[in-house]
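Structure below is run.pdb: PDB, C-alpha atoms and all ligand atoms.
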ATOM      1  CA  MET A 275     113.609 139.309 137.465
ATOM      2  CA  LEU A 276     114.098 135.903 135.846
ATOM      3  CA  ASN A 277     113.775 133.213 138.488
ATOM      4  CA  LYS A 278     115.203 132.841 141.988
ATOM      5  CA  PHE A 279     118.240 130.894 140.812
ATOM      6  CA  PHE A 280     119.504 133.296 138.138
ATOM      7  CA  ASP A 281     118.429 136.399 140.092
ATOM      8  CA  LYS A 282     120.850 135.417 142.860
ATOM      9  CA  PHE A 283     123.767 135.344 140.391
ATOM     10  CA  VAL A 284     122.716 138.641 138.795
ATOM     11  CA  PHE A 285     122.617 140.208 142.244
ATOM     12  CA  VAL A 286     126.220 139.186 143.061
ATOM     13  CA  ASN A 287     127.392 139.996 139.512
ATOM     14  CA  GLN A 288     128.363 136.399 138.668
ATOM     15  CA  LEU A 289     126.124 136.124 135.624
ATOM     16  CA  LYS A 290     128.119 137.921 132.933
ATOM     17  CA  PHE A 291     128.162 138.838 129.266
ATOM     18  CA  LYS A 292     131.784 139.480 128.382
ATOM     19  CA  ASP A 293     133.572 139.381 125.011
ATOM     20  CA  TYR A 294     130.262 138.367 123.401
ATOM     21  CA  ASN A 295     129.932 135.252 125.619
ATOM     22  CA  PHE A 296     127.713 134.555 128.626
ATOM     23  CA  SER A 297     129.032 132.871 131.757
ATOM     24  CA  LEU A 298     127.673 131.842 135.126
ATOM     25  CA  ILE A 299     130.755 132.057 137.366
ATOM     26  CA  ASN A 300     133.066 129.958 135.144
ATOM     27  CA  VAL A 301     130.394 128.003 133.268
ATOM     28  CA  PRO A 302     130.028 129.385 129.716
ATOM     29  CA  PHE A 303     126.551 129.149 128.188
ATOM     30  CA  VAL A 304     124.511 130.397 125.247
ATOM     31  CA  ILE A 305     120.857 131.335 125.030
ATOM     32  CA  LEU A 306     119.551 128.937 122.424
ATOM     33  CA  PRO A 307     115.995 128.892 121.008
ATOM     34  CA  THR A 308     114.264 125.622 121.947
ATOM     35  CA  ASP A 309     113.362 125.066 118.266
ATOM     36  CA  ILE A 310     117.025 124.304 117.570
ATOM     37  CA  ILE A 311     117.243 121.649 120.292
ATOM     38  CA  ALA A 312     113.858 120.259 119.217
ATOM     39  CA  GLY A 313     115.238 120.006 115.678
ATOM     40  CA  LEU A 314     118.084 117.803 116.963
ATOM     41  CA  CYS A 315     115.681 115.641 118.998
ATOM     42  CA  GLU A 316     113.059 115.341 116.252
ATOM     43  CA  ALA A 317     115.094 113.054 113.980
ATOM     44  CA  GLU A 318     113.514 109.645 114.509
ATOM     45  CA  ASN A 319     116.736 107.885 113.787
ATOM     46  CA  GLU A 320     117.898 105.556 116.545
ATOM     47  CA  GLU A 321     121.557 105.719 115.596
ATOM     48  CA  PHE A 322     121.580 109.547 115.514
ATOM     49  CA  ASN A 323     119.657 109.745 118.816
ATOM     50  CA  LYS A 324     122.146 107.391 120.506
ATOM     51  CA  ARG A 325     125.164 109.355 119.236
ATOM     52  CA  LEU A 326     123.559 112.605 120.470
ATOM     53  CA  TYR A 327     122.878 111.008 123.870
ATOM     54  CA  TYR A 328     126.412 109.627 124.288
ATOM     55  CA  ALA A 329     128.011 112.902 123.140
ATOM     56  CA  VAL A 330     126.005 114.954 125.651
ATOM     57  CA  LYS A 331     126.655 112.402 128.427
ATOM     58  CA  ASN A 332     130.380 112.604 127.720
ATOM     59  CA  SER A 333     130.459 116.447 127.797
ATOM     60  CA  VAL A 334     128.478 116.577 131.033
ATOM     61  CA  THR A 335     130.704 113.965 132.698
ATOM     62  CA  LYS A 336     134.062 115.281 131.517
ATOM     63  CA  GLU A 337     133.588 119.035 131.040
ATOM     64  CA  LEU A 338     130.504 120.472 132.715
ATOM     65  CA  SER A 339     130.420 118.529 136.000
ATOM     66  CA  PRO A 340     133.998 119.413 136.983
ATOM     67  CA  ARG A 341     133.129 123.108 136.463
ATOM     68  CA  PHE A 342     130.007 122.728 138.624
ATOM     69  CA  LYS A 343     131.903 120.833 141.313
ATOM     70  CA  LEU A 344     134.716 123.347 141.369
ATOM     71  CA  ASP A 345     132.362 126.230 141.982
ATOM     72  CA  PHE A 346     129.603 124.714 144.018
ATOM     73  CA  GLY A 347     131.006 122.043 146.346
ATOM     74  CA  MET A 348     131.893 118.397 146.056
ATOM     75  CA  GLU A 349     129.214 116.525 147.997
ATOM     76  CA  PRO A 350     127.220 114.248 145.626
ATOM     77  CA  GLU A 351     123.841 115.224 147.052
ATOM     78  CA  ARG A 352     124.618 118.935 146.877
ATOM     79  CA  PHE A 353     125.983 118.499 143.343
ATOM     80  CA  LEU A 354     122.762 116.701 142.314
ATOM     81  CA  LYS A 355     120.572 119.383 143.867
ATOM     82  CA  PHE A 356     122.583 122.093 142.112
ATOM     83  CA  SER A 357     122.346 120.341 138.709
ATOM     84  CA  GLU A 358     118.605 119.822 139.131
ATOM     85  CA  THR A 359     118.131 123.504 140.013
ATOM     86  CA  PHE A 360     120.429 124.716 137.210
ATOM     87  CA  PHE A 361     118.622 122.814 134.421
ATOM     88  CA  THR A 362     115.185 123.646 135.853
ATOM     89  CA  ALA A 363     116.079 127.365 136.089
ATOM     90  CA  SER A 364     117.511 127.198 132.539
ATOM     91  CA  GLY A 365     114.061 126.334 131.195
ATOM     92  CA  PHE A 366     114.376 122.640 130.334
ATOM     93  CA  GLY A 367     111.314 121.864 132.480
ATOM     94  CA  PHE A 368     110.827 121.067 136.167
ATOM     95  CA  LEU A 369     113.278 118.301 137.168
ATOM     96  CA  LYS A 370     112.517 116.270 140.281
ATOM     97  CA  ASN A 371     114.119 113.135 141.702
ATOM     98  CA  ILE A 372     111.288 110.764 142.515
ATOM     99  CA  GLN A 373     113.648 107.986 143.529
ATOM    100  CA  LEU A 374     117.287 108.250 144.582
ATOM    101  CA  ASP A 375     119.235 105.268 145.892
ATOM    102  CA  PHE A 376     122.977 105.538 146.560
ATOM    103  CA  GLN A 377     123.100 101.806 147.451
ATOM    104  CA  THR A 378     121.925 100.496 144.078
ATOM    105  CA  ASN A 379     123.040 103.637 142.153
ATOM    106  CA  ARG A 380     119.561 104.053 140.762
ATOM    107  CA  ALA A 381     117.521 107.221 140.274
ATOM    108  CA  ILE A 382     114.217 108.045 138.659
ATOM    109  CA  VAL A 383     113.756 111.624 137.526
ATOM    110  CA  SER A 384     110.448 113.144 136.560
ATOM    111  CA  VAL A 385     110.424 116.209 134.301
ATOM    112  CA  SER A 386     107.252 118.218 133.927
ATOM    113  CA  ASN A 387     106.823 120.774 131.154
ATOM    114  CA  SER A 388     109.849 119.601 129.155
ATOM    115  CA  ALA A 389     110.462 122.490 126.755
ATOM    116  CA  VAL A 390     111.508 120.147 123.932
ATOM    117  CA  ALA A 391     108.662 117.638 124.436
ATOM    118  CA  GLN A 392     106.087 120.449 124.396
ATOM    119  CA  LEU A 393     107.296 121.523 120.943
ATOM    120  CA  LEU A 394     107.383 117.928 119.645
ATOM    121  CA  GLN A 395     103.942 116.844 120.885
ATOM    122  CA  GLY A 396     102.261 114.847 118.154
ATOM    123  CA  LYS A 397     105.390 115.073 115.963
ATOM    124  CA  VAL A 398     107.344 112.074 117.308
ATOM    125  CA  LYS A 399     106.221 108.537 118.089
ATOM    126  CA  LYS A 400     108.935 107.734 120.647
ATOM    127  CA  PRO A 401     110.373 109.543 123.716
ATOM    128  CA  CYS A 402     112.376 112.478 122.359
ATOM    129  CA  ASP A 403     114.344 114.079 125.220
ATOM    130  CA  HIS A 404     117.739 112.698 124.179
ATOM    131  CA  LEU A 405     119.567 115.812 125.328
ATOM    132  CA  LEU A 406     118.062 115.582 128.819
ATOM    133  CA  ARG A 407     118.820 111.851 128.847
ATOM    134  CA  GLY A 408     122.474 112.619 128.196
ATOM    135  CA  ILE A 409     122.506 115.373 130.835
ATOM    136  CA  LEU A 410     121.019 112.987 133.438
ATOM    137  CA  ALA A 411     123.300 110.055 132.521
ATOM    138  CA  GLY A 412     126.358 112.313 132.847
ATOM    139  CA  THR A 413     125.160 113.928 136.070
ATOM    140  CA  PHE A 414     124.366 110.626 137.799
ATOM    141  CA  SER A 415     127.601 109.029 136.522
ATOM    142  CA  VAL A 416     129.438 111.766 138.421
ATOM    143  CA  ALA A 417     127.173 111.676 141.510
ATOM    144  CA  PHE A 418     127.238 107.866 141.841
ATOM    145  CA  LYS A 419     130.926 107.676 140.735
ATOM    146  CA  THR A 420     130.171 104.868 138.271
ATOM    147  CA  ASN A 421     129.033 104.639 134.657
ATOM    148  CA  ILE A 422     125.268 105.304 134.563
ATOM    149  CA  GLU A 423     122.923 105.014 131.578
ATOM    150  CA  CYS A 424     119.566 106.741 131.228
ATOM    151  CA  VAL A 425     116.369 105.564 129.514
ATOM    152  CA  GLU A 426     113.348 107.813 128.997
ATOM    153  CA  THR A 427     110.362 105.616 129.842
ATOM    154  CA  LYS A 428     107.566 108.193 129.495
ATOM    155  CA  CYS A 429     107.485 111.336 127.395
ATOM    156  CA  HIS A 430     105.208 114.365 127.366
ATOM    157  CA  ALA A 431     105.625 114.363 123.555
ATOM    158  CA  GLN A 432     103.398 111.233 123.573
ATOM    159  CA  HIS A 433     100.805 113.060 125.701
ATOM    160  CA  GLN A 434     101.986 111.616 129.034
ATOM    161  CA  SER A 435     101.620 114.129 131.883
ATOM    162  CA  ASN A 436     105.388 114.108 132.594
ATOM    163  CA  CYS A 437     108.580 112.750 131.085
ATOM    164  CA  GLU A 438     110.232 110.079 133.214
ATOM    165  CA  PHE A 439     113.866 108.946 133.154
ATOM    166  CA  VAL A 440     115.403 105.853 134.762
ATOM    167  CA  CYS A 441     119.130 106.173 135.530
ATOM    168  CA  GLU A 442     121.131 103.092 136.580
ATOM    169  CA  PRO A 443     124.285 101.097 135.741
ATOM    170  CA  ALA A 444     124.152  99.211 132.402
ATOM    171  CA  ALA A 445     124.462  95.894 134.295
ATOM    172  CA  SER A 446     121.087  96.554 135.986
ATOM    173  CA  ILE A 447     119.253  97.396 132.747
ATOM    174  CA  ASP A 448     116.958  94.924 130.988
ATOM    175  CA  PHE A 449     118.192  95.015 127.375
ATOM    176  CA  SER A 450     115.389  92.665 126.266
ATOM    177  CA  LYS A 451     113.079  95.708 126.331
ATOM    178  CA  GLN A 452     112.665  97.331 122.939
ATOM    179  CA  GLU A 453     112.613 100.904 124.327
ATOM    180  CA  VAL A 454     115.990 100.239 125.979
ATOM    181  CA  ARG A 455     117.573  98.893 122.778
ATOM    182  CA  GLU A 456     116.224 101.890 120.857
ATOM    183  CA  GLN A 457     117.908 104.335 123.265
ATOM    184  CA  LEU A 458     121.177 102.627 124.301
ATOM    185  CA  ASP A 459     124.008 100.712 122.659
ATOM    186  CA  LEU A 460     123.896  97.072 123.673
ATOM    187  CA  LYS A 461     127.141  96.344 125.538
ATOM    188  CA  LEU A 462     128.109  92.686 125.723
TER     189      LEU A 462
HETATM  190 ZN    ZN A 501     110.236 113.554 127.109
END

Encoded form using structure tokens:
Amino acid sequence: MLNKFFDKFVFVNQLKFKDYNFSLINVPFVILPTDIIAGLCEAENEEFNKRLYYAVKNSVTKELSPRFKLDFGMEPERFLKFSETFFTASGFGFLKNIQLDFQTNRAIVSVSNSAVAQLLQGKVKKPCDHLLRGILAGTFSVAFKTNIECVETKCHAQHQSNCEFVCEPAASIDFSKQEVREQLDLKL
């Protein structure tokens, strides 16, 4: 028994290890120690963090989301719920939408017990969940059908109770804020 989400796929034989690769229906995945992801997120180098964020956002938008949508239905709200459950069940932490607005294309996501932030507590001075930021930016870009950026405004690595992520179109973001400029490329 793992958790409800993965147990269901084990039960119907859709979680597989074949030819030395894991897959969940047609989504390939690896089991990766959190230390390795924390190592990528620990580099306090703005340029590296931004490139990591944009690379993950791009993969989620172009590669992962179409696989999810193919297997699990096309409705944006169902797709969002599935993504939230998938990343929570995969051990990233407990993801929860605390605001979701399809009119303004804005969402705020709270993540408690971020696996990466727990390992980096006291080791980084700025929010560190760049991988989750990229995952959320890609996911909401697909759900809202427009280009969405994500800024981590609170992080458990700085002893906040939860991490918090604001996802919205670049045109709605206040680039005069330092934390925004540290996490996103300024687009003029
Ligand atoms: Zn965080």

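Taking all atoms listed in the file into account, the residues that come within 7 Å of ligand ZN 501 (chain A) are A:Ser388, A:Ala391, A:Pro401, A:Cys402, A:Asp403, A:Glu426, A:Lys428, A:Cys429, A:His430, A:Ala431, A:Cys437.
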
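Closest approach to Phe376 in chain A from the set A:Cys441, A:Gly408, A:Gly313, A:Leu394 is made by A:Cys441, with distances taken over all atoms listed in the file.
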
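Picked by the PyMOL selection byres (((chain A and resi 328-337) around 9) and not hetatm) from the coordinates shown: Asn323, Lys324, Arg325, Leu326, Tyr327, Leu338, Ser339, Pro340, Arg341, His404, Leu405, Leu406, Arg407, Gly408, Ile409, Leu410, Ala411, Gly412, Thr413, Phe414, Ser415, Val416, Glu423 and Leu458 of chain A.
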
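Minimum distance to Glu442 in chain A across A:Glu358, A:Glu320, A:Asp375, A:Asp459 (counting all atoms listed in the file) occurs at A:Asp375.
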
Query raised in the report: Rounded to one decimal in Å, what is the spacing between CA of Gly367 in chain A and CA of Gln452 in chain A?
Result: 26.4 Å

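Between Ala363 in chain A and the candidates A:Leu460, A:Val425, A:Leu289, A:Leu276, the tightest atom-to-atom separation, counting all atoms listed in the file, involves A:Leu276.
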
Requested in this report: Return the single residue from A:Leu393, A:Val440, A:Asp309, A:Thr420 that is closest to Ala381 in chain A, with distances computed using only C-alpha atoms.
Outcome: A:Val440

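Between Thr427 in chain A and the candidates A:Lys461, A:Lys290, A:Lys400, A:Lys355, the tightest atom-to-atom separation, counting only C-alpha atoms, involves A:Lys400.
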
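The neighbours of range 291-293 of chain A here are the residues that come within 10 Å of it, using all atoms listed in the file and leaving out any residue fewer than 3 positions away in the same chain; they are Gln288, Phe296, Ser297, Leu298, Pro302 and Phe303 of chain A.
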
**Report entry** Atom pair CA of Phe280 in chain A / CA of Gln392 in chain A: separation (Å)
**Finding:** 23.1 Å

Reconstructed N, CA and C atoms for range 325-343 of chain A, given as a PDB file, in the coordinates of the input:
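Dumped everything to selection34.pdb:
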ATOM      1  N   ARG A 325     123.913 108.586 119.300  1.00  0.00           N
ATOM      2  CA  ARG A 325     125.164 109.355 119.236  1.00  0.00           C
ATOM      3  C   ARG A 325     124.998 110.695 119.958  1.00  0.00           C
ATOM      4  N   LEU A 326     123.835 111.340 119.790  1.00  0.00           N
ATOM      5  CA  LEU A 326     123.559 112.605 120.470  1.00  0.00           C
ATOM      6  C   LEU A 326     123.590 112.386 121.982  1.00  0.00           C
ATOM      7  N   TYR A 327     122.918 111.346 122.440  1.00  0.00           N
ATOM      8  CA  TYR A 327     122.878 111.008 123.870  1.00  0.00           C
ATOM      9  C   TYR A 327     124.292 110.777 124.432  1.00  0.00           C
ATOM     10  N   TYR A 328     125.072 109.938 123.756  1.00  0.00           N
ATOM     11  CA  TYR A 328     126.412 109.627 124.288  1.00  0.00           C
ATOM     12  C   TYR A 328     127.343 110.842 124.236  1.00  0.00           C
ATOM     13  N   ALA A 329     127.170 111.697 123.221  1.00  0.00           N
ATOM     14  CA  ALA A 329     128.011 112.902 123.140  1.00  0.00           C
ATOM     15  C   ALA A 329     127.691 113.864 124.284  1.00  0.00           C
ATOM     16  N   VAL A 330     126.403 114.044 124.565  1.00  0.00           N
ATOM     17  CA  VAL A 330     126.005 114.954 125.651  1.00  0.00           C
ATOM     18  C   VAL A 330     126.449 114.374 126.998  1.00  0.00           C
ATOM     19  N   LYS A 331     126.239 113.060 127.175  1.00  0.00           N
ATOM     20  CA  LYS A 331     126.655 112.402 128.427  1.00  0.00           C
ATOM     21  C   LYS A 331     128.156 112.619 128.669  1.00  0.00           C
ATOM     22  N   ASN A 332     128.934 112.450 127.617  1.00  0.00           N
ATOM     23  CA  ASN A 332     130.380 112.604 127.720  1.00  0.00           C
ATOM     24  C   ASN A 332     130.770 114.044 128.104  1.00  0.00           C
ATOM     25  N   SER A 333     130.131 115.041 127.473  1.00  0.00           N
ATOM     26  CA  SER A 333     130.459 116.447 127.797  1.00  0.00           C
ATOM     27  C   SER A 333     130.084 116.769 129.237  1.00  0.00           C
ATOM     28  N   VAL A 334     128.918 116.272 129.670  1.00  0.00           N
ATOM     29  CA  VAL A 334     128.478 116.577 131.033  1.00  0.00           C
ATOM     30  C   VAL A 334     129.422 115.924 132.044  1.00  0.00           C
ATOM     31  N   THR A 335     129.821 114.678 131.765  1.00  0.00           N
ATOM     32  CA  THR A 335     130.704 113.965 132.698  1.00  0.00           C
ATOM     33  C   THR A 335     132.084 114.613 132.751  1.00  0.00           C
ATOM     34  N   LYS A 336     132.652 114.872 131.562  1.00  0.00           N
ATOM     35  CA  LYS A 336     134.062 115.281 131.517  1.00  0.00           C
ATOM     36  C   LYS A 336     134.290 116.793 131.611  1.00  0.00           C
ATOM     37  N   GLU A 337     133.349 117.582 131.100  1.00  0.00           N
ATOM     38  CA  GLU A 337     133.588 119.035 131.040  1.00  0.00           C
ATOM     39  C   GLU A 337     132.718 119.831 132.011  1.00  0.00           C
ATOM     40  N   LEU A 338     131.406 119.610 131.940  1.00  0.00           N
ATOM     41  CA  LEU A 338     130.504 120.472 132.715  1.00  0.00           C
ATOM     42  C   LEU A 338     130.540 120.165 134.215  1.00  0.00           C
ATOM     43  N   SER A 339     130.475 118.875 134.569  1.00  0.00           N
ATOM     44  CA  SER A 339     130.420 118.529 136.000  1.00  0.00           C
ATOM     45  C   SER A 339     131.640 119.011 136.774  1.00  0.00           C
ATOM     46  N   PRO A 340     132.858 118.866 136.234  1.00  0.00           N
ATOM     47  CA  PRO A 340     133.998 119.413 136.983  1.00  0.00           C
ATOM     48  C   PRO A 340     133.877 120.923 137.218  1.00  0.00           C
ATOM     49  N   ARG A 341     133.320 121.659 136.256  1.00  0.00           N
ATOM     50  CA  ARG A 341     133.129 123.108 136.463  1.00  0.00           C
ATOM     51  C   ARG A 341     132.124 123.344 137.600  1.00  0.00           C
ATOM     52  N   PHE A 342     131.017 122.595 137.572  1.00  0.00           N
ATOM     53  CA  PHE A 342     130.007 122.728 138.624  1.00  0.00           C
ATOM     54  C   PHE A 342     130.621 122.399 139.980  1.00  0.00           C
ATOM     55  N   LYS A 343     131.366 121.290 140.036  1.00  0.00           N
ATOM     56  CA  LYS A 343     131.903 120.833 141.313  1.00  0.00           C
ATOM     57  C   LYS A 343     132.917 121.810 141.873  1.00  0.00           C
TER      58      LYS A 343
END
